[in-house]
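Student: Input file: start-v1.cif. Contents: mmCIF, C-alpha atoms.
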```
data_work
loop_
_atom_site.label_atom_id
_atom_site.label_comp_id
_atom_site.auth_asym_id
_atom_site.auth_seq_id
_atom_site.Cartn_x
_atom_site.Cartn_y
_atom_site.Cartn_z
CA MET Q 11 37.16 -35.32 28.09
CA GLN Q 12 40.24 -35.78 25.90
CA ARG Q 13 43.52 -34.94 27.63
CA SER Q 14 44.86 -31.49 26.71
CA TYR Q 15 48.41 -31.06 25.45
CA VAL Q 16 48.20 -27.26 25.37
CA ILE Q 17 50.32 -25.16 27.75
CA LYS Q 18 47.74 -22.78 29.20
CA PRO Q 19 48.24 -19.69 31.40
CA GLU Q 20 47.61 -21.73 34.57
CA LEU Q 21 48.85 -25.28 34.29
CA GLY Q 22 46.35 -27.81 35.56
CA LYS Q 23 43.38 -25.44 35.34
CA GLU Q 24 40.33 -26.44 33.30
CA TYR Q 25 39.27 -23.61 30.99
CA PRO Q 26 35.85 -23.49 29.34
CA ARG Q 27 36.07 -23.71 25.57
CA VAL Q 28 34.85 -20.73 23.61
CA SER Q 29 32.24 -21.50 20.98
CA HIS Q 30 31.58 -18.20 19.20
CA GLY Q 31 31.23 -14.48 19.68
CA LYS Q 32 28.92 -11.73 18.49
CA GLY Q 33 29.24 -8.05 19.29
CA ILE Q 34 30.37 -7.58 22.90
CA TYR Q 35 29.46 -11.17 23.83
CA LEU Q 36 31.33 -14.48 23.88
CA TYR Q 37 29.71 -17.90 24.34
CA ASP Q 38 31.24 -21.11 25.66
CA MET Q 39 30.40 -24.62 24.49
CA SER Q 40 27.69 -24.98 27.14
CA GLY Q 41 25.93 -21.90 25.78
CA LYS Q 42 26.85 -19.61 28.68
CA ARG Q 43 27.14 -15.97 27.62
CA TYR Q 44 29.89 -13.60 28.77
CA ILE Q 45 30.18 -9.84 28.32
CA ASP Q 46 33.66 -9.23 26.98
CA GLY Q 47 34.21 -6.35 29.35
CA CYS Q 48 37.91 -6.10 28.55
CA SER Q 49 37.96 -6.91 24.82
CA GLY Q 50 39.98 -10.01 25.71
CA ALA Q 51 43.32 -8.35 26.40
CA VAL Q 52 42.17 -4.85 25.40
CA THR Q 53 42.19 -6.18 21.85
CA ALA Q 54 38.76 -7.01 20.38
CA SER Q 55 37.94 -3.34 19.90
CA ILE Q 56 35.25 -3.68 17.23
CA GLY Q 57 33.53 -6.68 18.81
CA HIS Q 58 33.24 -10.27 17.72
CA GLY Q 59 31.83 -11.84 14.59
CA VAL Q 60 31.94 -8.76 12.36
CA GLU Q 61 30.95 -9.90 8.88
CA GLU Q 62 32.90 -7.18 7.04
CA ILE Q 63 36.15 -8.43 8.56
CA ALA Q 64 35.39 -12.07 7.76
CA GLU Q 65 34.70 -11.04 4.16
CA ALA Q 66 38.02 -9.15 3.95
CA MET Q 67 39.81 -12.24 5.30
CA ALA Q 68 38.23 -14.51 2.72
CA GLU Q 69 38.82 -12.10 -0.15
CA GLN Q 70 42.53 -11.78 0.60
CA ALA Q 71 42.94 -15.51 1.24
CA ARG Q 72 41.57 -16.23 -2.23
CA LYS Q 73 44.28 -13.96 -3.69
CA VAL Q 74 47.38 -14.66 -1.57
CA SER Q 75 47.88 -15.02 2.16
CA PHE Q 76 51.66 -14.99 2.39
CA ALA Q 77 54.48 -13.44 0.43
CA TYR Q 78 57.86 -12.84 2.05
CA ARG Q 79 58.53 -9.16 2.58
CA SER Q 80 62.01 -9.39 1.02
CA HIS Q 81 60.44 -10.59 -2.21
CA PHE Q 82 57.18 -8.66 -2.53
CA SER Q 83 55.06 -5.88 -1.15
CA SER Q 84 51.28 -6.08 -1.64
CA GLU Q 85 48.32 -3.82 -2.18
CA ALA Q 86 47.03 -4.63 1.30
CA VAL Q 87 50.34 -3.71 2.95
CA GLU Q 88 50.72 -0.49 0.97
CA GLU Q 89 47.16 0.62 1.68
CA LEU Q 90 47.52 -0.18 5.38
CA GLY Q 91 50.73 1.85 5.58
CA ALA Q 92 49.01 4.79 3.87
CA LYS Q 93 46.02 4.57 6.21
CA LEU Q 94 48.23 4.57 9.32
CA ALA Q 95 50.20 7.56 7.99
CA GLU Q 96 46.88 9.35 7.56
CA TRP Q 97 45.92 8.54 11.15
CA ALA Q 98 49.19 9.24 12.95
CA PRO Q 99 50.22 12.63 14.35
CA GLY Q 100 53.01 14.75 12.88
CA GLU Q 101 55.36 13.10 10.42
CA LEU Q 102 54.93 9.57 11.76
CA ASN Q 103 54.40 8.28 8.24
CA TRP Q 104 56.42 5.07 8.10
CA SER Q 105 55.29 1.66 9.41
CA PHE Q 106 57.30 -1.48 10.07
CA PHE Q 107 54.82 -4.36 10.40
CA VAL Q 108 55.32 -7.19 12.89
CA ASN Q 109 53.11 -9.73 14.66
CA SER Q 110 52.68 -8.56 18.25
CA GLY Q 111 53.00 -5.58 20.55
CA SER Q 112 56.12 -7.05 22.14
CA GLU Q 113 57.78 -7.24 18.73
CA ALA Q 114 56.63 -3.71 17.93
CA THR Q 115 58.23 -2.15 21.02
CA GLU Q 116 61.43 -4.13 20.49
CA THR Q 117 61.52 -3.02 16.85
CA ALA Q 118 61.08 0.61 17.95
CA GLN Q 119 63.97 0.12 20.35
CA LYS Q 120 66.18 -1.18 17.54
CA ILE Q 121 65.17 1.62 15.17
CA ALA Q 122 65.98 4.22 17.82
CA ILE Q 123 69.44 2.78 18.43
CA GLN Q 124 70.14 2.43 14.71
CA TYR Q 125 69.04 6.02 14.07
CA TRP Q 126 71.83 7.32 16.30
CA GLN Q 127 74.35 4.88 14.80
CA GLU Q 128 73.53 6.20 11.32
CA GLN Q 129 74.26 9.70 12.63
CA GLY Q 130 77.69 8.65 13.85
CA ARG Q 131 76.65 8.61 17.51
CA PRO Q 132 76.93 4.89 18.36
CA SER Q 133 77.21 5.44 22.13
CA LYS Q 134 73.50 6.35 22.31
CA THR Q 135 72.14 2.88 23.04
CA ARG Q 136 70.49 3.21 26.45
CA MET Q 137 66.71 3.16 26.81
CA ILE Q 138 65.01 4.89 29.73
CA SER Q 139 61.60 3.72 30.87
CA ARG Q 140 59.33 3.95 33.89
CA TRP Q 141 58.53 1.66 36.74
CA MET Q 142 54.88 0.54 36.70
CA SER Q 143 54.94 0.05 32.95
CA TYR Q 144 54.64 -2.87 30.56
CA HIS Q 145 56.02 -2.98 27.02
CA GLY Q 146 56.00 -6.69 26.23
CA ILE Q 147 57.27 -10.13 27.20
CA THR Q 148 60.24 -10.69 24.82
CA MET Q 149 63.59 -10.00 26.48
CA GLY Q 150 64.15 -6.61 24.88
CA ALA Q 151 60.60 -5.46 25.53
CA LEU Q 152 60.63 -6.86 29.07
CA SER Q 153 63.90 -5.04 29.74
CA MET Q 154 62.08 -1.79 29.00
CA SER Q 155 59.15 -2.79 31.22
CA GLY Q 156 58.77 -1.78 34.83
CA HIS Q 157 56.25 -4.52 35.64
CA VAL Q 158 57.99 -6.00 38.66
CA LEU Q 159 56.06 -9.28 38.74
CA ARG Q 160 56.64 -10.05 35.06
CA ARG Q 161 60.36 -9.13 35.29
CA LYS Q 162 61.02 -11.10 38.45
CA ARG Q 163 62.04 -14.49 37.05
CA PHE Q 164 64.26 -13.04 34.36
CA VAL Q 165 66.05 -10.12 36.01
CA PRO Q 166 69.57 -11.60 35.46
CA LEU Q 167 68.87 -11.66 31.71
CA LEU Q 168 67.39 -8.18 31.43
CA ALA Q 169 68.95 -4.82 30.68
CA ASP Q 170 68.59 -2.35 33.54
CA TYR Q 171 66.27 0.14 31.82
CA PRO Q 172 63.42 1.26 34.14
CA ALA Q 173 64.66 4.36 35.90
CA ILE Q 174 61.91 6.84 36.75
CA SER Q 175 58.62 6.90 38.62
CA PRO Q 176 55.31 6.82 36.79
CA PRO Q 177 52.78 9.64 37.06
CA TYR Q 178 50.22 8.13 39.46
CA PRO Q 179 47.82 10.93 40.46
CA TYR Q 180 45.83 8.79 42.92
CA ARG Q 181 48.96 8.36 45.05
CA ARG Q 182 50.56 11.78 44.65
CA PRO Q 183 51.86 13.52 47.81
CA ASP Q 184 49.19 15.13 49.99
CA GLY Q 185 48.62 18.77 49.20
CA MET Q 186 50.40 18.67 45.85
CA SER Q 187 48.50 20.02 42.86
CA LEU Q 188 48.22 18.01 39.67
CA GLU Q 189 50.26 20.66 37.87
CA GLN Q 190 53.08 20.42 40.41
CA TYR Q 191 52.91 16.63 40.36
CA ALA Q 192 53.12 16.49 36.55
CA ARG Q 193 56.29 18.58 36.63
CA LEU Q 194 57.80 16.55 39.48
CA CYS Q 195 57.31 13.23 37.67
CA ALA Q 196 58.45 14.49 34.27
CA ASP Q 197 61.57 16.13 35.68
CA GLU Q 198 62.74 12.72 36.89
CA LEU Q 199 63.48 11.99 33.23
CA GLU Q 200 65.94 14.89 33.06
CA THR Q 201 67.64 13.63 36.22
CA ALA Q 202 67.90 10.10 34.80
CA ILE Q 203 69.34 11.34 31.50
CA LEU Q 204 71.96 13.41 33.30
CA ARG Q 205 72.91 10.51 35.56
CA VAL Q 206 73.40 8.14 32.63
CA GLY Q 207 74.82 10.82 30.33
CA PRO Q 208 72.86 12.21 27.35
CA GLU Q 209 75.50 10.80 25.02
CA GLN Q 210 74.43 7.30 26.15
CA VAL Q 211 70.63 7.65 25.92
CA ALA Q 212 68.85 6.68 22.71
CA ALA Q 213 65.19 6.94 23.72
CA PHE Q 214 62.54 7.19 26.40
CA ILE Q 215 59.50 4.90 26.15
CA ALA Q 216 56.15 5.33 27.89
CA GLU Q 217 52.51 4.28 27.65
CA PRO Q 218 50.20 7.30 27.30
CA VAL Q 219 47.88 5.58 29.81
CA ILE Q 220 49.44 2.94 32.06
CA GLY Q 221 47.70 -0.35 31.37
CA ALA Q 222 48.58 -3.86 32.51
CA SER Q 223 50.79 -2.82 35.44
CA GLY Q 224 48.55 -0.07 36.81
CA GLY Q 225 44.97 -0.33 35.65
CA ALA Q 226 44.32 2.66 33.36
CA VAL Q 227 46.42 5.27 35.17
CA VAL Q 228 46.01 8.60 33.36
CA PRO Q 229 48.83 11.17 33.67
CA PRO Q 230 48.04 14.76 34.63
CA ASP Q 231 47.98 17.45 31.95
CA GLY Q 232 51.40 18.91 31.33
CA TYR Q 233 53.28 15.67 31.97
CA PHE Q 234 53.87 14.61 28.37
CA GLN Q 235 54.43 18.17 27.20
CA ARG Q 236 57.31 18.41 29.67
CA ILE Q 237 58.59 14.95 28.64
CA ARG Q 238 58.74 16.16 25.02
CA GLU Q 239 60.71 19.27 26.07
CA ILE Q 240 63.26 17.18 27.96
CA CYS Q 241 63.69 14.70 25.10
CA ASP Q 242 64.29 17.56 22.67
CA LYS Q 243 66.75 19.25 25.03
CA TYR Q 244 69.00 16.18 25.30
CA ASP Q 245 68.57 14.63 21.83
CA VAL Q 246 66.56 11.67 23.13
CA LEU Q 247 63.85 10.05 21.01
CA PHE Q 248 60.38 9.66 22.51
CA ILE Q 249 58.60 6.35 21.90
CA ALA Q 250 54.87 6.28 22.66
CA ASP Q 251 53.76 2.72 23.37
CA GLU Q 252 50.24 2.76 21.92
CA VAL Q 253 49.80 -1.01 21.80
CA MET Q 254 46.94 -0.73 24.30
CA THR Q 255 45.88 2.90 23.82
CA GLY Q 256 46.00 3.22 20.02
CA VAL Q 257 43.34 3.01 17.30
CA GLY Q 258 40.62 4.89 19.15
CA ARG Q 259 40.66 3.11 22.50
CA THR Q 260 40.96 6.32 24.56
CA GLY Q 261 38.59 8.45 22.47
CA GLU Q 262 41.33 9.82 20.20
CA LYS Q 263 43.06 8.02 17.36
CA PHE Q 264 46.15 7.69 19.54
CA GLY Q 265 46.36 8.11 23.30
CA ILE Q 266 49.13 10.68 23.05
CA ASP Q 267 46.82 12.90 20.96
CA HIS Q 268 45.04 13.96 24.17
CA TRP Q 269 48.07 16.08 25.02
CA GLY Q 270 48.98 17.31 21.54
CA VAL Q 271 52.45 15.77 21.76
CA LYS Q 272 54.17 14.26 18.72
CA PRO Q 273 56.41 11.26 19.44
CA ASP Q 274 59.34 10.15 17.28
CA LEU Q 275 58.17 6.54 17.26
CA ILE Q 276 54.81 4.91 18.01
CA THR Q 277 54.09 1.24 18.60
CA LEU Q 278 50.73 -0.33 17.77
CA GLY Q 279 49.11 -3.75 18.22
CA LYS Q 280 45.94 -5.13 19.83
CA GLY Q 281 43.21 -2.85 18.44
CA MET Q 282 45.10 -2.43 15.18
CA SER Q 283 43.70 -5.79 14.07
CA ALA Q 284 41.00 -6.01 16.79
CA GLY Q 285 41.95 -9.62 17.50
CA TYR Q 286 41.08 -10.88 14.02
CA THR Q 287 44.73 -11.61 13.17
CA PRO Q 288 48.17 -11.23 14.78
CA MET Q 289 49.39 -7.82 13.61
CA ALA Q 290 51.32 -4.89 15.06
CA ALA Q 291 53.53 -2.05 13.89
CA ALA Q 292 56.33 0.31 14.83
CA MET Q 293 55.84 3.73 13.25
CA ALA Q 294 58.66 6.21 12.67
CA THR Q 295 58.97 9.81 11.52
CA GLU Q 296 60.21 11.04 8.17
CA LYS Q 297 63.37 12.32 9.88
CA ILE Q 298 64.27 8.89 11.26
CA ILE Q 299 63.63 7.03 8.02
CA ASP Q 300 65.42 9.66 5.92
CA THR Q 301 68.49 9.33 8.15
CA ILE Q 302 68.58 5.54 7.82
CA THR Q 303 67.86 5.69 4.08
CA ARG Q 304 70.85 8.00 3.53
CA GLY Q 305 72.99 5.68 5.63
CA SER Q 306 72.80 1.89 5.50
CA GLY Q 307 69.40 1.89 3.79
CA LEU Q 308 68.32 -1.12 5.85
CA ILE Q 309 66.48 -1.49 9.16
CA MET Q 310 67.85 -4.50 10.99
CA ALA Q 311 64.58 -6.03 12.21
CA GLY Q 312 61.81 -8.27 11.01
CA HIS Q 313 60.17 -11.66 11.27
CA THR Q 314 58.95 -14.30 8.85
CA TYR Q 315 55.33 -13.15 8.99
CA SER Q 316 56.10 -9.41 9.03
CA ALA Q 317 53.93 -7.49 6.57
CA ASN Q 318 52.10 -10.57 5.31
CA PRO Q 319 49.22 -9.68 2.95
CA GLN Q 320 46.59 -11.62 4.91
CA SER Q 321 47.09 -9.77 8.19
CA ALA Q 322 47.50 -6.45 6.42
CA ALA Q 323 44.15 -6.86 4.64
CA VAL Q 324 42.43 -7.70 7.92
CA SER Q 325 43.95 -4.74 9.76
CA LEU Q 326 43.04 -2.40 6.93
CA ALA Q 327 39.45 -3.65 7.11
CA VAL Q 328 39.44 -3.02 10.87
CA LEU Q 329 40.65 0.58 10.47
CA ARG Q 330 38.05 1.23 7.79
CA TYR Q 331 35.37 -0.25 10.04
CA VAL Q 332 36.45 2.04 12.89
CA GLU Q 333 36.19 5.04 10.55
CA ALA Q 334 32.88 4.03 8.97
CA HIS Q 335 31.19 3.58 12.36
CA ASN Q 336 32.78 6.63 14.04
CA LEU Q 337 34.17 4.42 16.79
CA VAL Q 338 36.86 6.87 17.92
CA GLU Q 339 34.20 9.45 18.72
CA LYS Q 340 31.95 6.79 20.20
CA ALA Q 341 34.74 5.61 22.50
CA ALA Q 342 34.97 9.12 23.94
CA VAL Q 343 31.23 9.39 24.56
CA GLN Q 344 30.63 5.88 25.85
CA GLY Q 345 33.86 5.97 27.82
CA ALA Q 346 32.69 9.04 29.71
CA TYR Q 347 29.44 7.25 30.53
CA LEU Q 348 31.24 4.08 31.65
CA LEU Q 349 33.61 6.07 33.86
CA ARG Q 350 30.69 7.91 35.46
CA LYS Q 351 29.00 4.60 36.26
CA LEU Q 352 32.24 3.16 37.65
CA ARG Q 353 32.73 6.21 39.87
CA GLU Q 354 29.21 5.77 41.20
CA LEU Q 355 30.12 2.17 42.02
CA ALA Q 356 33.34 3.31 43.68
CA ASP Q 357 31.42 5.77 45.85
CA GLU Q 358 29.20 2.93 47.08
CA SER Q 359 31.90 0.32 47.61
CA PRO Q 360 34.31 0.28 50.58
CA LEU Q 361 36.61 -1.89 48.47
CA ILE Q 362 37.18 0.50 45.56
CA GLY Q 363 39.71 3.27 46.13
CA GLU Q 364 39.48 4.87 42.70
CA ALA Q 365 37.74 4.51 39.35
CA ARG Q 366 39.76 6.11 36.56
CA GLY Q 367 40.34 6.03 32.85
CA LEU Q 368 40.28 7.71 29.47
CA GLY Q 369 37.80 6.79 26.77
CA LEU Q 370 36.98 3.08 26.89
CA LEU Q 371 40.13 2.24 28.85
CA CYS Q 372 38.99 2.34 32.48
CA GLY Q 373 40.22 0.82 35.71
CA LEU Q 374 39.30 0.15 39.31
CA GLU Q 375 41.85 0.07 42.14
CA PHE Q 376 40.95 -1.90 45.26
CA VAL Q 377 42.22 -0.77 48.65
CA LYS Q 378 42.08 -1.91 52.25
CA ASP Q 379 41.31 1.60 53.56
CA LYS Q 380 39.71 4.22 51.31
CA ARG Q 381 40.71 7.07 53.61
CA THR Q 382 44.42 6.26 53.80
CA LYS Q 383 44.56 4.47 50.40
CA GLU Q 384 46.33 1.58 52.10
CA PRO Q 385 46.56 -1.29 49.60
CA PHE Q 386 45.99 -4.97 50.20
CA PRO Q 387 49.03 -7.24 50.05
CA LEU Q 388 48.98 -9.29 46.86
CA SER Q 389 48.69 -12.42 48.99
CA ARG Q 390 45.04 -11.53 49.60
CA GLY Q 391 44.35 -11.87 45.89
CA VAL Q 392 41.63 -9.21 45.87
CA ALA Q 393 41.75 -8.40 42.15
CA ALA Q 394 41.95 -12.10 41.32
CA ARG Q 395 38.84 -12.71 43.40
CA VAL Q 396 36.92 -9.99 41.61
CA ILE Q 397 38.00 -11.39 38.25
CA SER Q 398 36.94 -14.89 39.29
CA ARG Q 399 33.53 -13.82 40.61
CA ALA Q 400 32.95 -11.69 37.52
CA PHE Q 401 33.74 -14.67 35.29
CA GLU Q 402 31.22 -16.77 37.20
CA ASN Q 403 28.65 -14.01 36.65
CA GLY Q 404 29.35 -13.86 32.91
CA LEU Q 405 31.66 -10.84 32.79
CA LEU Q 406 35.28 -10.74 31.61
CA VAL Q 407 37.64 -8.15 33.15
CA TYR Q 408 41.40 -7.78 32.78
CA PRO Q 409 43.98 -8.04 35.60
CA ALA Q 410 46.38 -5.19 36.38
CA THR Q 411 48.05 -6.21 39.62
CA GLY Q 412 51.38 -5.65 41.34
CA GLY Q 413 51.87 -2.03 40.35
CA LEU Q 414 53.11 -1.10 43.82
CA GLU Q 415 56.62 -2.57 43.59
CA GLY Q 416 55.28 -6.07 42.97
CA VAL Q 417 54.09 -6.53 46.55
CA ALA Q 418 50.75 -4.70 46.39
CA GLY Q 419 48.41 -2.98 43.99
CA ASP Q 420 45.10 -4.64 43.08
CA SER Q 421 43.49 -3.24 39.96
CA VAL Q 422 41.36 -4.43 37.07
CA ILE Q 423 40.75 -2.97 33.63
CA LEU Q 424 37.36 -2.44 32.01
CA SER Q 425 37.82 -1.96 28.27
CA PRO Q 426 34.83 -3.27 26.32
CA PRO Q 427 34.60 -3.12 22.53
CA LEU Q 428 34.22 0.41 21.15
CA THR Q 429 30.86 -0.68 19.74
CA ILE Q 430 29.27 -1.05 23.18
CA THR Q 431 25.91 0.66 23.76
CA THR Q 432 24.69 2.55 26.82
CA GLU Q 433 22.35 -0.31 27.69
CA GLU Q 434 25.20 -2.80 27.43
CA ILE Q 435 27.35 -0.63 29.70
CA ASP Q 436 24.55 -0.71 32.28
CA GLU Q 437 24.49 -4.51 32.04
CA LEU Q 438 28.28 -4.67 32.40
CA VAL Q 439 28.30 -2.44 35.49
CA ASP Q 440 25.45 -4.39 37.09
CA LEU Q 441 27.43 -7.64 36.77
CA LEU Q 442 30.57 -5.92 38.03
CA LYS Q 443 28.72 -4.53 41.05
CA LYS Q 444 27.34 -7.96 41.87
CA SER Q 445 30.85 -9.43 41.64
CA VAL Q 446 32.49 -6.76 43.83
CA GLN Q 447 29.75 -7.08 46.45
CA ARG Q 448 30.31 -10.85 46.55
CA VAL Q 449 34.02 -10.37 47.21
CA GLN Q 450 33.31 -7.74 49.88
CA GLU Q 451 31.00 -10.18 51.68
CA GLU Q 452 33.53 -13.01 51.47
CA MET Q 453 36.27 -10.84 52.93
CA ARG Q 454 34.01 -9.57 55.70
CA GLN Q 455 33.23 -13.14 56.69
CA GLU Q 456 36.92 -14.07 56.66
CA MET Q 457 37.74 -11.17 58.97
CA GLN Q 458 35.08 -12.33 61.43
CA LEU Q 459 36.52 -15.83 61.41
CA THR Q 460 39.99 -14.54 62.20
#
```
Give the structure from this file in structure tokens form.
Tutor:
Amino acid sequence: MQRSYVIKPELGKEYPRVSHGKGIYLYDMSGKRYIDGCSGAVTASIGHGVEEIAEAMAEQARKVSFAYRSHFSSEAVEELGAKLAEWAPGELNWSFFVNSGSEATETAQKIAIQYWQEQGRPSKTRMISRWMSYHGITMGALSMSGHVLRRKRFVPLLADYPAISPPYPYRRPDGMSLEQYARLCADELETAILRVGPEQVAAFIAEPVIGASGGAVVPPDGYFQRIREICDKYDVLFIADEVMTGVGRTGEKFGIDHWGVKPDLITLGKGMSAGYTPMAAAMATEKIIDTITRGSGLIMAGHTYSANPQSAAVSLAVLRYVEAHNLVEKAAVQGAYLLRKLRELADESPLIGEARGLGLLCGLEFVKDKRTKEPFPLSRGVAARVISRAFENGLLVYPATGGLEGVAGDSVILSPPLTITTEEIDELVDLLKKSVQRVQEEMRQEMQLT
């Protein structure tokens, strides 16, 4: 085989080469079929090989693929902006288009800071975020992230933003109700704002459902309502990071819609283009854009490929496909079925502490002791083993490890395309069960040897 000159996630590892995809399935060059049980990176939300999207790509490419945003807008960009304004809650009507979720969260950060500058309050520059969170891999986005393992190498270069605990119902104090726990976690934000000084804090950022650093951790009801109250009380903007949860993934158009809360800024990516093109967005309210328009009239952000017509046309086609096939509603129905099947698997397995999720964003957490919820140390590589065995069995699942301070916390995410059928969910869970059982047997044998 020809030598590879590509820097891959694991240097020195041989990866199979993908050949093609159709629906929820991917195929490698040998013809082996894989269920895309995680939509790649919670991205391929409408499945692979959708003809309507390919046609939209070709149609736009025949017209124009690139025009610099400082020179032109385009019909595709304008229609995409209008569609997102139609989808978004409240007055989140304005979209700044970028290429990735990391760029989207960093753009939201910049817009938040600039908003206060335009009001004559330049000291409000501090972002507050949560531990056990992930907002992207660029330096600004990583500074806002509480993913200990991904921060570790770069801590000297990062701003010190994560400040409060995440809502993590599975590990709440014994005897505490969900209502009490929601209030306890949310009130940490008020404490953090007071410690820093409200005059210093620009915004608070959070994922509606914790993804890559926790494995589909769903907050208790009341949590985000209280967060909104605190933000309003201290003049702090609320940024909802919907890169993973947006565009129907959780069974609502946006994850935050489950709690009826209206953020000041929303970030999108992943499912916005369903993997057919690099595309993401930071969305802002009328109030924010009006303030900046009356001031400098310029948002200091952007990239060469921002708002390119080709990606805009593809993303618009994806949103129309989601609408035409009722995929938001389907995600709610099929997600409930998937979660029920995962909970049945958790009941049977000594390795699974909890199955959780919202819509078609579900997770499994693996533990050493189900009764005490004692986690495995990361050195045991439990989640990695499950992922590896699943891959061998023709199932792709997504890692979400290290959520417990970077030393423990083994979880995986199950987030298949929103087009998945009940029969395909059964096939997915059967392969997952086979993979988990294999890991359980391997670990049992290792314990006997030691």
Student: What do you get, as a ChimeraX atom specification, if you spell out every residue that the PyMOL selection byres ((chain Q and resi 231-245) around 6) selects here?
Tutor: /Q:192,196,208,230,246
Student: Might you pull out every residue within 12 Å of segment 61-67 of chain Q, with only C-alpha atoms counted and same-chain residues fewer than 5 positions away left off, and present them as a list of chain:residue names?
Tutor: Q:Gly31, Q:Lys32, Q:Gly33, Q:Ile56, Q:Arg72, Q:Lys73, Q:Val74, Q:Ser75, Q:Ala86, Q:Ser283, Q:Ala284, Q:Gly285, Q:Tyr286, Q:Thr287, Q:Pro319, Q:Gln320, Q:Ser321, Q:Ala322, Q:Ala323, Q:Val324, Q:Ser325, Q:Leu326, Q:Ala327, Q:Val328, Q:Leu329, Q:Arg330, Q:Tyr331, Q:Val332, Q:Ala334
Student: Just the number, please: distance in Å from atom CA of Arg304 of chain Q to atom CA of Lys93 of chain Q, one decimal.
Tutor: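 These atoms are spaced 25.2 Å apart.
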Student: Evaluate the PyMOL selection byres ((chain Q and resi 158) around 9) against this structure - the residues, as a VMD selection string, please.
Tutor: chain Q and resid 141 to 143 155 to 157 159 to 162 223 412 to 417
Student: Tell me which of Q:Gly281, Q:Pro172, Q:Gly312, Q:Pro177 sits closest to Leu371 of chain Q, counting all atoms listed in the file.
Tutor: Q:Gly281
Student: Using all atoms listed in the file, which protein or nucleic acid residues come within 6 Å of Tyr44 of chain Q? Drop anything in the same chain fewer than 6 positions from it, and give the result as JSON, numbers by chain.
Tutor: {"Q": [35, 36, 404, 405]}
Student: Write out as a ChimeraX atom specification each polymer residue whose atoms come within 8 Å of Arg399 of chain Q, counting all atoms listed in the file; drop sequence neighbours fewer than 5 positions from it.
Tutor: /Q:445-446,448-449
Student: Produce a file of the selected residues containing C-alpha atoms, as a short mmCIF file (atom, residue, chain, number, x, y, z; two decimals), in the frame of the given file.
Tutor:
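File written: result07.cif
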```cif
data_model
loop_
_atom_site.label_atom_id
_atom_site.label_comp_id
_atom_site.auth_asym_id
_atom_site.auth_seq_id
_atom_site.Cartn_x
_atom_site.Cartn_y
_atom_site.Cartn_z
CA SER Q 445 30.85 -9.43 41.64
CA VAL Q 446 32.49 -6.76 43.83
CA ARG Q 448 30.31 -10.85 46.55
CA VAL Q 449 34.02 -10.37 47.21
#
```
Student: Using the chain letters and numbers from the file, which residues does the PyMOL selection byres ((chain Q and resi 384) around 12) grab, as a PyMOL selection string?
Tutor: chain Q and resi 180-181+361-363+375-383+385-387+414+418-420
Student: Smallest atom-to-atom distance to Ala342 of chain Q: which of Q:Ala216, Q:Leu428, Q:Ala290, Q:Val396, using all atoms listed in the file?
Tutor: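 Closest candidate: Q:Leu428.
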Student: Tell me, in Å to one decimal, how far atom CA of Thr135 of chain Q is from atom CA of Asp274 of chain Q.
Tutor: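 Distance between the two atoms: 15.8 Å.
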Student: Compile the contact shell of Ser14 of chain Q as a list in words: residues with an atom at most 12 Å away, counting all atoms listed in the file, same-chain residues fewer than 2 positions apart removed.
Tutor: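 Result of the neighbour search: Met11, Gln12, Val16, Ile17, Lys18, Leu21, Gly22, Lys23, Glu24, Tyr25 and Arg27 of chain Q.
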Student: Between Q:Met457, Q:Ser316, Q:Ser105, Q:Leu406, which is the closest to Tyr37 of chain Q once you count all atoms listed in the file?
Tutor: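 Answer, going by the shortest atom-to-atom distance: Q:Leu406.
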Student: In terms of the shortest atom-to-atom distance over all atoms listed in the file, which of Q:Lys351, Q:Arg193, Q:Arg390, Q:Arg13 is closest to Lys443 of chain Q?
Tutor: Q:Lys351
Student: Here is a test: counting all atoms listed in the file, which residue of Q:Val257, Q:Ala226, Q:Ile298, Q:Leu168 is nearest to Leu424 of chain Q?
Tutor: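 Among the listed residues, the smallest separation from Leu424 of chain Q belongs to Q:Ala226.
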Student: Residues at most 12 Å from Trp126 of chain Q, counting all atoms listed in the file, excluding those fewer than 2 positions away in the same chain, as a ChimeraX atom specification?
Tutor: /Q:119-124,128-136,209-213,245-247,297-299,301-302,305
Student: Just give me the gap between atom CA of Val253 of chain Q and atom CA of Tyr144 of chain Q in Å, one decimal is fine.
Tutor: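 Atom-to-atom, atom CA of Val253 of chain Q to atom CA of Tyr144 of chain Q, that is 10.2 Å.
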Student: For Gln450 of chain Q, which residue out of Q:Arg353, Q:Arg43, Q:Arg395, Q:Arg366 is the nearest one, using all atoms listed in the file?
Tutor: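 Under the stated criterion, the closest residue is Q:Arg395.
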Student: Would you compute an axis-aligned box for segment 99-117 of chain Q, covering every atom listed for it in the file with 3 Å of margin on each side, and report centre and edge lengths in Å to one decimal as AutoDock Vina command-line options?
Tutor:
```
--center_x 55.9 --center_y 2.5 --center_z 15.1 --size_x 17.3 --size_y 30.5 --size_z 20.0
```
